[in-house]
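Asks: I am sharing query.txt, which consists of compact mmCIF, N, CA and C atoms:
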# COMPACT_ATOMS: atom_id res chain seq x y z
N MET N 1 1.53 -19.67 -19.82
CA MET N 1 0.66 -20.26 -18.81
C MET N 1 1.37 -20.36 -17.47
N ALA N 2 2.66 -20.59 -17.49
CA ALA N 2 3.41 -20.75 -16.24
C ALA N 2 3.27 -19.52 -15.34
N GLY N 3 3.27 -18.32 -15.94
CA GLY N 3 3.14 -17.09 -15.16
C GLY N 3 1.84 -17.03 -14.40
N GLY N 4 0.75 -17.42 -15.04
CA GLY N 4 -0.56 -17.41 -14.38
C GLY N 4 -0.61 -18.41 -13.25
N ARG N 5 0.02 -19.55 -13.45
CA ARG N 5 0.02 -20.59 -12.43
C ARG N 5 0.77 -20.13 -11.17
N MET N 6 1.89 -19.45 -11.39
CA MET N 6 2.66 -18.96 -10.26
C MET N 6 1.83 -17.99 -9.42
N THR N 7 1.08 -17.14 -10.10
CA THR N 7 0.22 -16.18 -9.40
C THR N 7 -0.79 -16.93 -8.53
N GLU N 8 -1.39 -17.96 -9.07
CA GLU N 8 -2.36 -18.74 -8.29
C GLU N 8 -1.70 -19.38 -7.08
N ASP N 9 -0.48 -19.91 -7.25
CA ASP N 9 0.22 -20.55 -6.14
C ASP N 9 0.50 -19.55 -5.02
N LYS N 10 0.87 -18.31 -5.38
CA LYS N 10 1.12 -17.28 -4.37
C LYS N 10 -0.14 -17.01 -3.55
N ARG N 11 -1.29 -17.23 -4.18
CA ARG N 11 -2.57 -16.91 -3.54
C ARG N 11 -3.23 -18.11 -2.86
N ALA N 12 -2.55 -19.26 -2.89
CA ALA N 12 -3.12 -20.47 -2.27
C ALA N 12 -3.34 -20.23 -0.78
N GLY N 13 -4.50 -20.60 -0.30
CA GLY N 13 -4.82 -20.46 1.13
C GLY N 13 -5.16 -19.04 1.54
N ALA N 14 -5.49 -18.20 0.57
CA ALA N 14 -5.76 -16.79 0.87
C ALA N 14 -7.14 -16.57 1.47
N GLU N 15 -7.22 -15.53 2.30
CA GLU N 15 -8.51 -14.99 2.74
C GLU N 15 -8.84 -13.95 1.68
N ILE N 16 -9.99 -14.09 1.03
CA ILE N 16 -10.35 -13.16 -0.05
C ILE N 16 -11.64 -12.42 0.31
N VAL N 17 -11.61 -11.12 0.11
CA VAL N 17 -12.76 -10.26 0.37
C VAL N 17 -13.12 -9.58 -0.94
N ARG N 18 -14.42 -9.49 -1.24
CA ARG N 18 -14.86 -8.85 -2.49
C ARG N 18 -15.89 -7.76 -2.18
N GLY N 19 -15.89 -6.74 -3.04
CA GLY N 19 -16.84 -5.64 -2.89
C GLY N 19 -16.16 -4.43 -2.29
N ALA N 20 -16.54 -3.25 -2.76
CA ALA N 20 -15.87 -2.00 -2.37
C ALA N 20 -15.84 -1.77 -0.86
N GLU N 21 -16.98 -1.88 -0.19
CA GLU N 21 -17.04 -1.58 1.24
C GLU N 21 -16.25 -2.61 2.06
N ALA N 22 -16.43 -3.89 1.75
CA ALA N 22 -15.72 -4.95 2.48
C ALA N 22 -14.21 -4.82 2.28
N CYS N 23 -13.78 -4.52 1.05
CA CYS N 23 -12.35 -4.35 0.76
C CYS N 23 -11.79 -3.13 1.47
N TYR N 24 -12.58 -2.04 1.51
CA TYR N 24 -12.13 -0.85 2.21
C TYR N 24 -11.88 -1.18 3.69
N GLN N 25 -12.84 -1.83 4.33
CA GLN N 25 -12.69 -2.20 5.74
C GLN N 25 -11.49 -3.12 5.94
N HIS N 26 -11.32 -4.08 5.03
CA HIS N 26 -10.21 -5.03 5.09
C HIS N 26 -8.87 -4.30 4.98
N SER N 27 -8.76 -3.38 4.02
CA SER N 27 -7.48 -2.69 3.80
C SER N 27 -7.16 -1.77 4.98
N VAL N 28 -8.16 -1.08 5.54
CA VAL N 28 -7.94 -0.22 6.70
C VAL N 28 -7.48 -1.07 7.90
N GLY N 29 -8.14 -2.21 8.10
CA GLY N 29 -7.76 -3.12 9.19
C GLY N 29 -6.34 -3.64 9.01
N LEU N 30 -5.98 -3.97 7.78
CA LEU N 30 -4.63 -4.47 7.50
C LEU N 30 -3.59 -3.40 7.81
N LEU N 31 -3.82 -2.17 7.35
CA LEU N 31 -2.87 -1.09 7.61
C LEU N 31 -2.71 -0.86 9.11
N GLN N 32 -3.82 -0.87 9.86
CA GLN N 32 -3.75 -0.70 11.32
C GLN N 32 -2.94 -1.81 11.96
N GLU N 33 -3.20 -3.04 11.56
CA GLU N 33 -2.51 -4.20 12.11
C GLU N 33 -1.00 -4.11 11.86
N LEU N 34 -0.62 -3.60 10.69
CA LEU N 34 0.79 -3.49 10.33
C LEU N 34 1.47 -2.26 10.93
N GLY N 35 0.66 -1.34 11.49
CA GLY N 35 1.22 -0.15 12.11
C GLY N 35 1.33 1.05 11.18
N PHE N 36 0.64 1.01 10.02
CA PHE N 36 0.67 2.12 9.07
C PHE N 36 -0.55 3.01 9.23
N PRO N 37 -0.42 4.30 8.92
CA PRO N 37 -1.59 5.18 8.93
C PRO N 37 -2.55 4.80 7.79
N GLY N 38 -3.83 4.97 8.02
CA GLY N 38 -4.85 4.56 7.07
C GLY N 38 -4.80 5.25 5.73
N GLY N 39 -4.21 6.43 5.66
CA GLY N 39 -4.19 7.18 4.41
C GLY N 39 -3.02 6.86 3.50
N VAL N 40 -2.16 5.93 3.90
CA VAL N 40 -0.95 5.66 3.11
C VAL N 40 -1.27 4.90 1.81
N LEU N 41 -2.38 4.17 1.79
CA LEU N 41 -2.84 3.50 0.56
C LEU N 41 -4.29 3.92 0.32
N PRO N 42 -4.49 5.11 -0.24
CA PRO N 42 -5.85 5.64 -0.42
C PRO N 42 -6.53 5.07 -1.66
N LEU N 43 -6.68 3.77 -1.71
CA LEU N 43 -7.18 3.13 -2.92
C LEU N 43 -8.69 3.26 -3.00
N LYS N 44 -9.16 3.62 -4.20
CA LYS N 44 -10.59 3.82 -4.43
C LYS N 44 -11.14 2.67 -5.28
N ASP N 45 -12.43 2.40 -5.10
CA ASP N 45 -13.13 1.41 -5.92
C ASP N 45 -12.44 0.04 -5.95
N LEU N 46 -12.14 -0.47 -4.78
CA LEU N 46 -11.54 -1.80 -4.69
C LEU N 46 -12.60 -2.85 -5.03
N GLU N 47 -12.19 -3.86 -5.79
CA GLU N 47 -13.10 -4.95 -6.15
C GLU N 47 -12.80 -6.22 -5.36
N GLU N 48 -11.50 -6.42 -5.08
CA GLU N 48 -11.10 -7.65 -4.40
C GLU N 48 -9.83 -7.39 -3.60
N CYS N 49 -9.78 -7.96 -2.40
CA CYS N 49 -8.59 -7.90 -1.57
C CYS N 49 -8.30 -9.31 -1.09
N GLY N 50 -7.03 -9.64 -0.98
CA GLY N 50 -6.69 -10.97 -0.50
C GLY N 50 -5.44 -10.94 0.34
N ARG N 51 -5.34 -11.96 1.20
CA ARG N 51 -4.18 -12.05 2.08
C ARG N 51 -3.89 -13.51 2.37
N VAL N 52 -2.61 -13.87 2.22
CA VAL N 52 -2.15 -15.20 2.60
C VAL N 52 -1.33 -14.99 3.88
N ARG N 53 -1.91 -15.31 5.03
CA ARG N 53 -1.24 -15.03 6.30
C ARG N 53 0.10 -15.76 6.43
N GLU N 54 0.18 -16.98 5.91
CA GLU N 54 1.42 -17.76 6.02
C GLU N 54 2.62 -17.07 5.40
N THR N 55 2.43 -16.48 4.21
CA THR N 55 3.55 -15.88 3.49
C THR N 55 3.57 -14.35 3.61
N GLY N 56 2.46 -13.75 4.03
CA GLY N 56 2.38 -12.30 4.10
C GLY N 56 2.00 -11.66 2.78
N PHE N 57 1.67 -12.47 1.77
CA PHE N 57 1.31 -11.92 0.45
C PHE N 57 -0.08 -11.30 0.51
N VAL N 58 -0.20 -10.06 0.02
CA VAL N 58 -1.50 -9.39 -0.05
C VAL N 58 -1.68 -8.79 -1.45
N TRP N 59 -2.94 -8.64 -1.85
CA TRP N 59 -3.22 -7.95 -3.11
C TRP N 59 -4.52 -7.19 -2.97
N MET N 60 -4.63 -6.13 -3.77
CA MET N 60 -5.83 -5.31 -3.84
C MET N 60 -6.09 -5.03 -5.30
N LYS N 61 -7.26 -5.42 -5.78
CA LYS N 61 -7.63 -5.16 -7.17
C LYS N 61 -8.57 -3.97 -7.21
N LEU N 62 -8.26 -3.04 -8.12
CA LEU N 62 -9.07 -1.84 -8.31
C LEU N 62 -9.85 -1.95 -9.61
N LYS N 63 -11.00 -1.26 -9.66
CA LYS N 63 -11.80 -1.26 -10.89
C LYS N 63 -11.05 -0.61 -12.03
N ALA N 64 -10.25 0.41 -11.73
CA ALA N 64 -9.52 1.15 -12.76
C ALA N 64 -8.24 1.72 -12.16
N PRO N 65 -7.24 2.02 -12.99
CA PRO N 65 -6.04 2.69 -12.47
C PRO N 65 -6.45 3.99 -11.78
N TYR N 66 -5.66 4.42 -10.83
CA TYR N 66 -6.05 5.55 -9.99
C TYR N 66 -4.83 6.37 -9.64
N GLN N 67 -4.98 7.69 -9.59
CA GLN N 67 -3.91 8.57 -9.14
C GLN N 67 -4.39 9.35 -7.93
N HIS N 68 -3.46 9.55 -6.99
CA HIS N 68 -3.79 10.28 -5.77
C HIS N 68 -2.68 11.29 -5.51
N PHE N 69 -3.08 12.53 -5.19
CA PHE N 69 -2.09 13.55 -4.83
C PHE N 69 -2.06 13.68 -3.31
N PHE N 70 -0.89 13.40 -2.74
CA PHE N 70 -0.71 13.54 -1.29
C PHE N 70 -0.26 14.98 -1.03
N THR N 71 -1.17 15.81 -0.48
CA THR N 71 -0.82 17.21 -0.23
C THR N 71 0.27 17.32 0.83
N GLY N 72 0.27 16.42 1.82
CA GLY N 72 1.26 16.48 2.91
C GLY N 72 2.69 16.24 2.45
N THR N 73 2.86 15.58 1.30
CA THR N 73 4.21 15.30 0.79
C THR N 73 4.43 15.94 -0.58
N ASN N 74 3.37 16.59 -1.12
CA ASN N 74 3.42 17.21 -2.44
C ASN N 74 3.83 16.18 -3.50
N THR N 75 3.23 14.99 -3.43
CA THR N 75 3.61 13.89 -4.30
C THR N 75 2.38 13.31 -5.01
N LEU N 76 2.51 13.07 -6.31
CA LEU N 76 1.48 12.39 -7.08
C LEU N 76 1.86 10.91 -7.16
N VAL N 77 0.91 10.04 -6.81
CA VAL N 77 1.16 8.61 -6.82
C VAL N 77 0.13 7.94 -7.72
N SER N 78 0.59 6.97 -8.51
CA SER N 78 -0.25 6.26 -9.46
C SER N 78 -0.36 4.79 -9.03
N TYR N 79 -1.58 4.26 -9.09
CA TYR N 79 -1.84 2.86 -8.75
C TYR N 79 -2.41 2.16 -9.97
N THR N 80 -1.88 0.98 -10.30
CA THR N 80 -2.43 0.19 -11.41
C THR N 80 -3.67 -0.54 -10.89
N THR N 81 -4.28 -1.38 -11.72
CA THR N 81 -5.50 -2.08 -11.30
C THR N 81 -5.21 -3.18 -10.28
N GLU N 82 -3.94 -3.51 -10.04
CA GLU N 82 -3.63 -4.47 -8.99
C GLU N 82 -2.36 -4.06 -8.25
N VAL N 83 -2.49 -3.92 -6.94
CA VAL N 83 -1.37 -3.58 -6.06
C VAL N 83 -1.09 -4.83 -5.23
N THR N 84 0.18 -5.24 -5.19
CA THR N 84 0.55 -6.42 -4.39
C THR N 84 1.73 -6.09 -3.49
N ALA N 85 1.89 -6.88 -2.43
CA ALA N 85 3.03 -6.71 -1.52
C ALA N 85 3.14 -7.92 -0.61
N TYR N 86 4.29 -8.03 0.00
CA TYR N 86 4.48 -8.99 1.10
C TYR N 86 4.57 -8.12 2.35
N VAL N 87 3.75 -8.44 3.35
CA VAL N 87 3.65 -7.56 4.51
C VAL N 87 4.10 -8.24 5.80
N GLU N 88 4.61 -7.40 6.69
CA GLU N 88 4.91 -7.80 8.06
C GLU N 88 4.78 -6.52 8.88
N LYS N 89 4.85 -6.63 10.19
CA LYS N 89 4.69 -5.46 11.05
C LYS N 89 5.64 -4.34 10.61
N PHE N 90 5.10 -3.15 10.38
CA PHE N 90 5.84 -1.95 9.99
C PHE N 90 6.56 -2.06 8.64
N LYS N 91 6.17 -3.01 7.78
CA LYS N 91 6.87 -3.13 6.50
C LYS N 91 5.98 -3.74 5.41
N MET N 92 6.08 -3.17 4.21
CA MET N 92 5.51 -3.76 2.99
C MET N 92 6.66 -3.83 2.01
N LYS N 93 6.95 -5.02 1.48
CA LYS N 93 8.08 -5.15 0.56
C LYS N 93 7.65 -5.87 -0.71
N LYS N 94 8.52 -5.86 -1.71
CA LYS N 94 8.23 -6.45 -3.03
C LYS N 94 6.90 -5.93 -3.57
N MET N 95 6.67 -4.64 -3.36
CA MET N 95 5.42 -4.02 -3.79
C MET N 95 5.38 -3.89 -5.31
N THR N 96 4.20 -4.09 -5.89
CA THR N 96 4.00 -3.85 -7.31
C THR N 96 2.74 -3.00 -7.48
N GLY N 97 2.68 -2.28 -8.60
CA GLY N 97 1.47 -1.52 -8.93
C GLY N 97 1.42 -0.11 -8.41
N ILE N 98 2.54 0.39 -7.82
CA ILE N 98 2.57 1.74 -7.27
C ILE N 98 3.77 2.49 -7.85
N LYS N 99 3.50 3.71 -8.36
CA LYS N 99 4.58 4.56 -8.85
C LYS N 99 4.37 5.97 -8.32
N SER N 100 5.49 6.64 -8.06
CA SER N 100 5.47 8.00 -7.56
C SER N 100 6.11 8.91 -8.60
N LYS N 101 5.52 10.08 -8.83
CA LYS N 101 6.09 11.00 -9.83
C LYS N 101 7.16 11.84 -9.15
N GLN N 102 8.38 11.72 -9.66
CA GLN N 102 9.52 12.48 -9.13
C GLN N 102 10.24 13.14 -10.29
N LEU N 103 10.36 14.44 -10.27
CA LEU N 103 11.06 15.18 -11.32
C LEU N 103 10.67 14.72 -12.73
N LEU N 104 9.40 14.73 -13.02
CA LEU N 104 8.84 14.40 -14.33
C LEU N 104 8.93 12.93 -14.71
N MET N 105 9.41 12.06 -13.82
CA MET N 105 9.49 10.63 -14.13
C MET N 105 8.65 9.84 -13.12
N TRP N 106 8.07 8.75 -13.60
CA TRP N 106 7.33 7.85 -12.71
C TRP N 106 8.31 6.80 -12.19
N ILE N 107 8.46 6.72 -10.87
CA ILE N 107 9.40 5.81 -10.22
C ILE N 107 8.60 4.76 -9.45
N PRO N 108 8.85 3.47 -9.70
CA PRO N 108 8.15 2.43 -8.94
C PRO N 108 8.51 2.50 -7.44
N ILE N 109 7.52 2.25 -6.61
CA ILE N 109 7.74 2.14 -5.16
C ILE N 109 7.66 0.65 -4.84
N THR N 110 8.73 0.09 -4.30
CA THR N 110 8.75 -1.35 -4.04
C THR N 110 8.74 -1.69 -2.56
N GLU N 111 8.92 -0.69 -1.71
CA GLU N 111 8.90 -0.98 -0.27
C GLU N 111 8.51 0.25 0.51
N MET N 112 7.77 0.03 1.60
CA MET N 112 7.56 1.11 2.56
C MET N 112 7.67 0.51 3.94
N SER N 113 8.27 1.30 4.84
CA SER N 113 8.49 0.78 6.18
C SER N 113 8.52 1.90 7.20
N ILE N 114 8.31 1.51 8.44
CA ILE N 114 8.42 2.40 9.59
C ILE N 114 9.44 1.72 10.49
N GLU N 115 10.46 2.47 10.93
CA GLU N 115 11.54 1.87 11.71
C GLU N 115 11.03 1.07 12.91
N ASP N 116 10.16 1.68 13.70
CA ASP N 116 9.56 0.98 14.85
C ASP N 116 8.34 1.77 15.30
N SER N 117 7.66 1.27 16.30
CA SER N 117 6.40 1.89 16.72
C SER N 117 6.59 3.33 17.20
N GLY N 118 7.78 3.70 17.65
CA GLY N 118 8.00 5.06 18.13
C GLY N 118 8.38 6.04 17.04
N SER N 119 8.62 5.55 15.84
CA SER N 119 9.07 6.41 14.74
C SER N 119 7.93 7.30 14.24
N ASP N 120 8.29 8.47 13.74
CA ASP N 120 7.27 9.36 13.18
C ASP N 120 7.47 9.54 11.68
N LYS N 121 8.23 8.62 11.05
CA LYS N 121 8.49 8.70 9.61
C LYS N 121 8.20 7.38 8.91
N ILE N 122 7.72 7.50 7.66
CA ILE N 122 7.54 6.33 6.78
C ILE N 122 8.62 6.45 5.70
N TYR N 123 9.28 5.35 5.44
CA TYR N 123 10.36 5.32 4.47
C TYR N 123 9.90 4.56 3.24
N PHE N 124 10.02 5.18 2.07
CA PHE N 124 9.62 4.56 0.80
C PHE N 124 10.88 4.27 -0.01
N LYS N 125 10.93 3.09 -0.63
CA LYS N 125 12.11 2.68 -1.38
C LYS N 125 11.76 2.30 -2.81
N THR N 126 12.70 2.56 -3.74
CA THR N 126 12.55 2.21 -5.15
C THR N 126 13.31 0.92 -5.43
N PRO N 127 13.14 0.32 -6.62
CA PRO N 127 13.88 -0.90 -6.96
C PRO N 127 15.40 -0.68 -6.93
N MET N 128 15.85 0.56 -7.13
CA MET N 128 17.29 0.84 -7.11
C MET N 128 17.80 0.98 -5.68
N GLY N 129 16.92 0.85 -4.70
CA GLY N 129 17.34 0.96 -3.30
C GLY N 129 17.38 2.39 -2.79
N ILE N 130 17.01 3.34 -3.64
CA ILE N 130 16.99 4.74 -3.24
C ILE N 130 15.69 4.98 -2.48
N GLY N 131 15.79 5.73 -1.41
CA GLY N 131 14.60 5.94 -0.62
C GLY N 131 14.38 7.37 -0.21
N LYS N 132 13.21 7.60 0.33
CA LYS N 132 12.82 8.92 0.80
C LYS N 132 11.88 8.71 1.97
N SER N 133 12.02 9.53 3.00
CA SER N 133 11.10 9.39 4.13
C SER N 133 10.22 10.62 4.24
N PHE N 134 9.02 10.40 4.79
CA PHE N 134 8.05 11.45 5.00
C PHE N 134 7.46 11.28 6.40
N PRO N 135 6.95 12.37 6.99
CA PRO N 135 6.30 12.24 8.30
C PRO N 135 5.04 11.38 8.19
N ILE N 136 4.83 10.53 9.18
CA ILE N 136 3.62 9.70 9.22
C ILE N 136 2.38 10.59 9.17
N SER N 137 2.46 11.76 9.79
CA SER N 137 1.30 12.67 9.85
C SER N 137 0.78 13.04 8.46
N ALA N 138 1.63 12.97 7.43
CA ALA N 138 1.20 13.30 6.07
C ALA N 138 0.23 12.27 5.50
N PHE N 139 0.12 11.10 6.15
CA PHE N 139 -0.71 10.01 5.63
C PHE N 139 -1.87 9.64 6.56
N LEU N 140 -2.10 10.45 7.60
CA LEU N 140 -3.20 10.16 8.52
C LEU N 140 -4.54 10.47 7.85
N THR N 141 -5.52 9.62 8.12
CA THR N 141 -6.88 9.91 7.66
C THR N 141 -7.46 10.98 8.58
N GLU N 142 -8.59 11.55 8.19
CA GLU N 142 -9.24 12.56 9.04
C GLU N 142 -9.57 11.97 10.42
N GLU N 143 -10.06 10.71 10.43
CA GLU N 143 -10.39 10.04 11.70
C GLU N 143 -9.15 9.92 12.59
N GLU N 144 -8.03 9.50 12.00
CA GLU N 144 -6.79 9.35 12.76
C GLU N 144 -6.29 10.68 13.31
N LYS N 145 -6.45 11.75 12.53
CA LYS N 145 -6.04 13.08 12.98
C LYS N 145 -6.86 13.49 14.20
N GLU N 146 -8.18 13.22 14.15
CA GLU N 146 -9.06 13.57 15.27
C GLU N 146 -8.69 12.78 16.51
N GLN N 147 -8.39 11.48 16.34
CA GLN N 147 -8.03 10.64 17.48
C GLN N 147 -6.72 11.10 18.11
N ALA N 148 -5.80 11.62 17.31
CA ALA N 148 -4.49 12.04 17.80
C ALA N 148 -4.57 13.33 18.63
N GLU N 149 -5.62 14.12 18.36
CA GLU N 149 -5.74 15.42 19.06
C GLU N 149 -6.21 15.28 20.48
Translate this file's structure into structure tokens.

Replies:
Amino acid sequence: MAGGRMTEDKRAGAEIVRGAEACYQHSVGLLQELGFPGGVLPLKDLEECGRVRETGFVWMKLKAPYQHFFTGTNTLVSYTTEVTAYVEKFKMKKMTGIKSKQLLMWIPITEMSIEDSGSDKIYFKTPMGIGKSFPISAFLTEEEKEQAE
């Protein structure tokens, strides 16, 4: 029971949005606010999104686990039914629910960051502290690509 209680405490004072369309708008707005391209978390069929502004804790609940292939990075990424993170400008840390397939193994992604507003790379980190960077352009949505042209 203690584990469930801790989860509720993390979510105390949260702004909660429910429904696929509202969650989609919320997640796109959050990514923009943090300075990330909209395609970096291509989550489908969101049921609930929440954010605790005081602590930076966010979560996104999906109807079902989901896999997405990023053609720009040639990477397959898997999302569980709940993705969580602590967010701040240009950074998401203590991420849960995301794994990337690397050399036949699924590796958890626990952090993603952009050095600063002028950077053109997103850096992804594993629990072991090993990281990999990719061009931001690999995660732009079609709308963002059009705006950039």

Asks: Taking into account only C-alpha atoms, which residue in the set N:Gly118, N:Pro65, N:Pro42, N:Gly35 is nearest to Phe139 (chain N)?

Replies: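 That would be N:Pro42, the residue with the smallest distance to Phe139 (chain N).
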
Asks: Please provide the set of residues having any atom within 9 Å of Lys91 (chain N), restricted to only C-alpha atoms, with same-chain residues fewer than 3 positions apart removed, written as an NGL selection string.

Replies: :N and (34-36 or 86-88 or 111-115)

Asks: Kindly indicate which residue among N:Lys145, N:Arg51, N:Thr110, N:Leu43 lies nearest to Tyr66 (chain N), using all atoms listed in the file for the distances.

Replies: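 Among the listed residues, the smallest separation from Tyr66 (chain N) belongs to N:Leu43.
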
Asks: Please list as JSON, numbers by chain every residue within 10 Å of Val83 (chain N), counting only C-alpha atoms and excluding residues in the same chain fewer than 4 positions away.

Replies: {"N": [41, 43, 49, 58, 59, 60, 61, 62, 79, 95, 96, 97, 98]}

Asks: Could you work out how far CA of Gly50 (chain N) lies from atom N of Thr73 (chain N), giving the answer in Å with one decimal?

Replies: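 Pair atom N of Thr73 (chain N) / CA of Gly50 (chain N) returns 28.3 Å.
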
Asks: Would you mind telling me which residue in N:Ala22, N:Ile16, N:Gly38, N:Lys44 lies nearest to Glu144 (chain N) when using all atoms listed in the file?

Replies: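 When distances to Glu144 (chain N) are compared using all atoms listed in the file, the smallest one comes from N:Gly38.
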
Asks: For Thr84 (chain N), which of N:Phe57, N:Glu47, N:Leu104, N:Glu143 is the closest residue, counting only N, CA and C atoms?

Replies: N:Phe57

Asks: With 5 Å added on each side, what axis-aligned box encloses every listed atom of region 24-40 of chain N? Give the centre and edge lengths in Å to one decimal, as AutoDock Vina command-line options.

Replies:
--center_x -5.7 --center_y 1.1 --center_z 6.8 --size_x 24.3 --size_y 22.2 --size_z 20.6

Asks: One decimal, Å: what's the distance from CA of Lys93 (chain N) over to CA of Gly29 (chain N), could you say?

Replies: 18.2 Å

Asks: When you draw a straight line from atom N of Leu140 (chain N) to atom C of Gly72 (chain N), how long is it in Å?

Replies: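 Atom C of Gly72 (chain N) lies 9.1 Å from atom N of Leu140 (chain N).
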
Asks: Using only N, CA and C atoms, which residues sit within 7 Å of Pro127 (chain N) once same-chain residues fewer than 2 positions away are excluded, as a PyMOL selection string?

Replies: chain N and resi 107-111+125+129-130

Asks: Hey, what's within 6 Å of Ile122 (chain N) if we count only N, CA and C atoms and toss same-chain stuff fewer than 5 positions away? As a PyMOL selection string, please?

Replies: chain N and resi 113-114+132-136

Asks: Between N:Ser100, N:Arg53, N:Gly19, N:Ser137, which one has atoms that come closest to Val77 (chain N), using only N, CA and C atoms?

Replies: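 Using only N, CA and C atoms, Val77 (chain N) sits closest to N:Ser100.
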
Asks: Using backbone DSSP assignments, extract all alpha helix (DSSP H) residues from chain N; output them as a PyMOL selection string.

Replies: chain N and resi 2-10+20-34+142-148

Asks: Those residues you just picked out, can you put them in a file as a short mmCIF file (atom, residue, chain, number, x, y, z; two decimals), in the coordinates of the input with N, CA and C atoms?

Replies:
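File produced: again-v5.cif:
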data_model
loop_
_atom_site.label_atom_id
_atom_site.label_comp_id
_atom_site.auth_asym_id
_atom_site.auth_seq_id
_atom_site.Cartn_x
_atom_site.Cartn_y
_atom_site.Cartn_z
N ALA N 2 2.66 -20.59 -17.49
CA ALA N 2 3.41 -20.75 -16.24
C ALA N 2 3.27 -19.52 -15.34
N GLY N 3 3.27 -18.32 -15.94
CA GLY N 3 3.14 -17.09 -15.16
C GLY N 3 1.84 -17.03 -14.40
N GLY N 4 0.75 -17.42 -15.04
CA GLY N 4 -0.56 -17.41 -14.38
C GLY N 4 -0.61 -18.41 -13.25
N ARG N 5 0.02 -19.55 -13.45
CA ARG N 5 0.02 -20.59 -12.43
C ARG N 5 0.77 -20.13 -11.17
N MET N 6 1.89 -19.45 -11.39
CA MET N 6 2.66 -18.96 -10.26
C MET N 6 1.83 -17.99 -9.42
N THR N 7 1.08 -17.14 -10.10
CA THR N 7 0.22 -16.18 -9.40
C THR N 7 -0.79 -16.93 -8.53
N GLU N 8 -1.39 -17.96 -9.07
CA GLU N 8 -2.36 -18.74 -8.29
C GLU N 8 -1.70 -19.38 -7.08
N ASP N 9 -0.48 -19.91 -7.25
CA ASP N 9 0.22 -20.55 -6.14
C ASP N 9 0.50 -19.55 -5.02
N LYS N 10 0.87 -18.31 -5.38
CA LYS N 10 1.12 -17.28 -4.37
C LYS N 10 -0.14 -17.01 -3.55
N ALA N 20 -16.54 -3.25 -2.76
CA ALA N 20 -15.87 -2.00 -2.37
C ALA N 20 -15.84 -1.77 -0.86
N GLU N 21 -16.98 -1.88 -0.19
CA GLU N 21 -17.04 -1.58 1.24
C GLU N 21 -16.25 -2.61 2.06
N ALA N 22 -16.43 -3.89 1.75
CA ALA N 22 -15.72 -4.95 2.48
C ALA N 22 -14.21 -4.82 2.28
N CYS N 23 -13.78 -4.52 1.05
CA CYS N 23 -12.35 -4.35 0.76
C CYS N 23 -11.79 -3.13 1.47
N TYR N 24 -12.58 -2.04 1.51
CA TYR N 24 -12.13 -0.85 2.21
C TYR N 24 -11.88 -1.18 3.69
N GLN N 25 -12.84 -1.83 4.33
CA GLN N 25 -12.69 -2.20 5.74
C GLN N 25 -11.49 -3.12 5.94
N HIS N 26 -11.32 -4.08 5.03
CA HIS N 26 -10.21 -5.03 5.09
C HIS N 26 -8.87 -4.30 4.98
N SER N 27 -8.76 -3.38 4.02
CA SER N 27 -7.48 -2.69 3.80
C SER N 27 -7.16 -1.77 4.98
N VAL N 28 -8.16 -1.08 5.54
CA VAL N 28 -7.94 -0.22 6.70
C VAL N 28 -7.48 -1.07 7.90
N GLY N 29 -8.14 -2.21 8.10
CA GLY N 29 -7.76 -3.12 9.19
C GLY N 29 -6.34 -3.64 9.01
N LEU N 30 -5.98 -3.97 7.78
CA LEU N 30 -4.63 -4.47 7.50
C LEU N 30 -3.59 -3.40 7.81
N LEU N 31 -3.82 -2.17 7.35
CA LEU N 31 -2.87 -1.09 7.61
C LEU N 31 -2.71 -0.86 9.11
N GLN N 32 -3.82 -0.87 9.86
CA GLN N 32 -3.75 -0.70 11.32
C GLN N 32 -2.94 -1.81 11.96
N GLU N 33 -3.20 -3.04 11.56
CA GLU N 33 -2.51 -4.20 12.11
C GLU N 33 -1.00 -4.11 11.86
N LEU N 34 -0.62 -3.60 10.69
CA LEU N 34 0.79 -3.49 10.33
C LEU N 34 1.47 -2.26 10.93
N GLU N 142 -8.59 11.55 8.19
CA GLU N 142 -9.24 12.56 9.04
C GLU N 142 -9.57 11.97 10.42
N GLU N 143 -10.06 10.71 10.43
CA GLU N 143 -10.39 10.04 11.70
C GLU N 143 -9.15 9.92 12.59
N GLU N 144 -8.03 9.50 12.00
CA GLU N 144 -6.79 9.35 12.76
C GLU N 144 -6.29 10.68 13.31
N LYS N 145 -6.45 11.75 12.53
CA LYS N 145 -6.04 13.08 12.98
C LYS N 145 -6.86 13.49 14.20
N GLU N 146 -8.18 13.22 14.15
CA GLU N 146 -9.06 13.57 15.27
C GLU N 146 -8.69 12.78 16.51
N GLN N 147 -8.39 11.48 16.34
CA GLN N 147 -8.03 10.64 17.48
C GLN N 147 -6.72 11.10 18.11
N ALA N 148 -5.80 11.62 17.31
CA ALA N 148 -4.49 12.04 17.80
C ALA N 148 -4.57 13.33 18.63
#

Asks: Tell me which of N:Glu146, N:Glu48, N:Glu33, N:Glu54 sits closest to Arg18 (chain N), counting only N, CA and C atoms.

Replies: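 Nearest candidate to Arg18 (chain N) out of N:Glu146, N:Glu48, N:Glu33, N:Glu54: N:Glu48.
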
Asks: Compile the contact shell of Tyr24 (chain N) as an NGL selection string: residues with an atom at most 8 Å away, counting only C-alpha atoms, same-chain residues fewer than 4 positions apart removed.

Replies: :N and (20 or 28 or 46)

Asks: I need the residues of region 7-76 of chain N that end up classed as strand (DSSP E or B) by DSSP on the backbone, written out as a PyMOL selection string.

Replies: chain N and resi 15-18+46-52+57-62+66-70+75-76
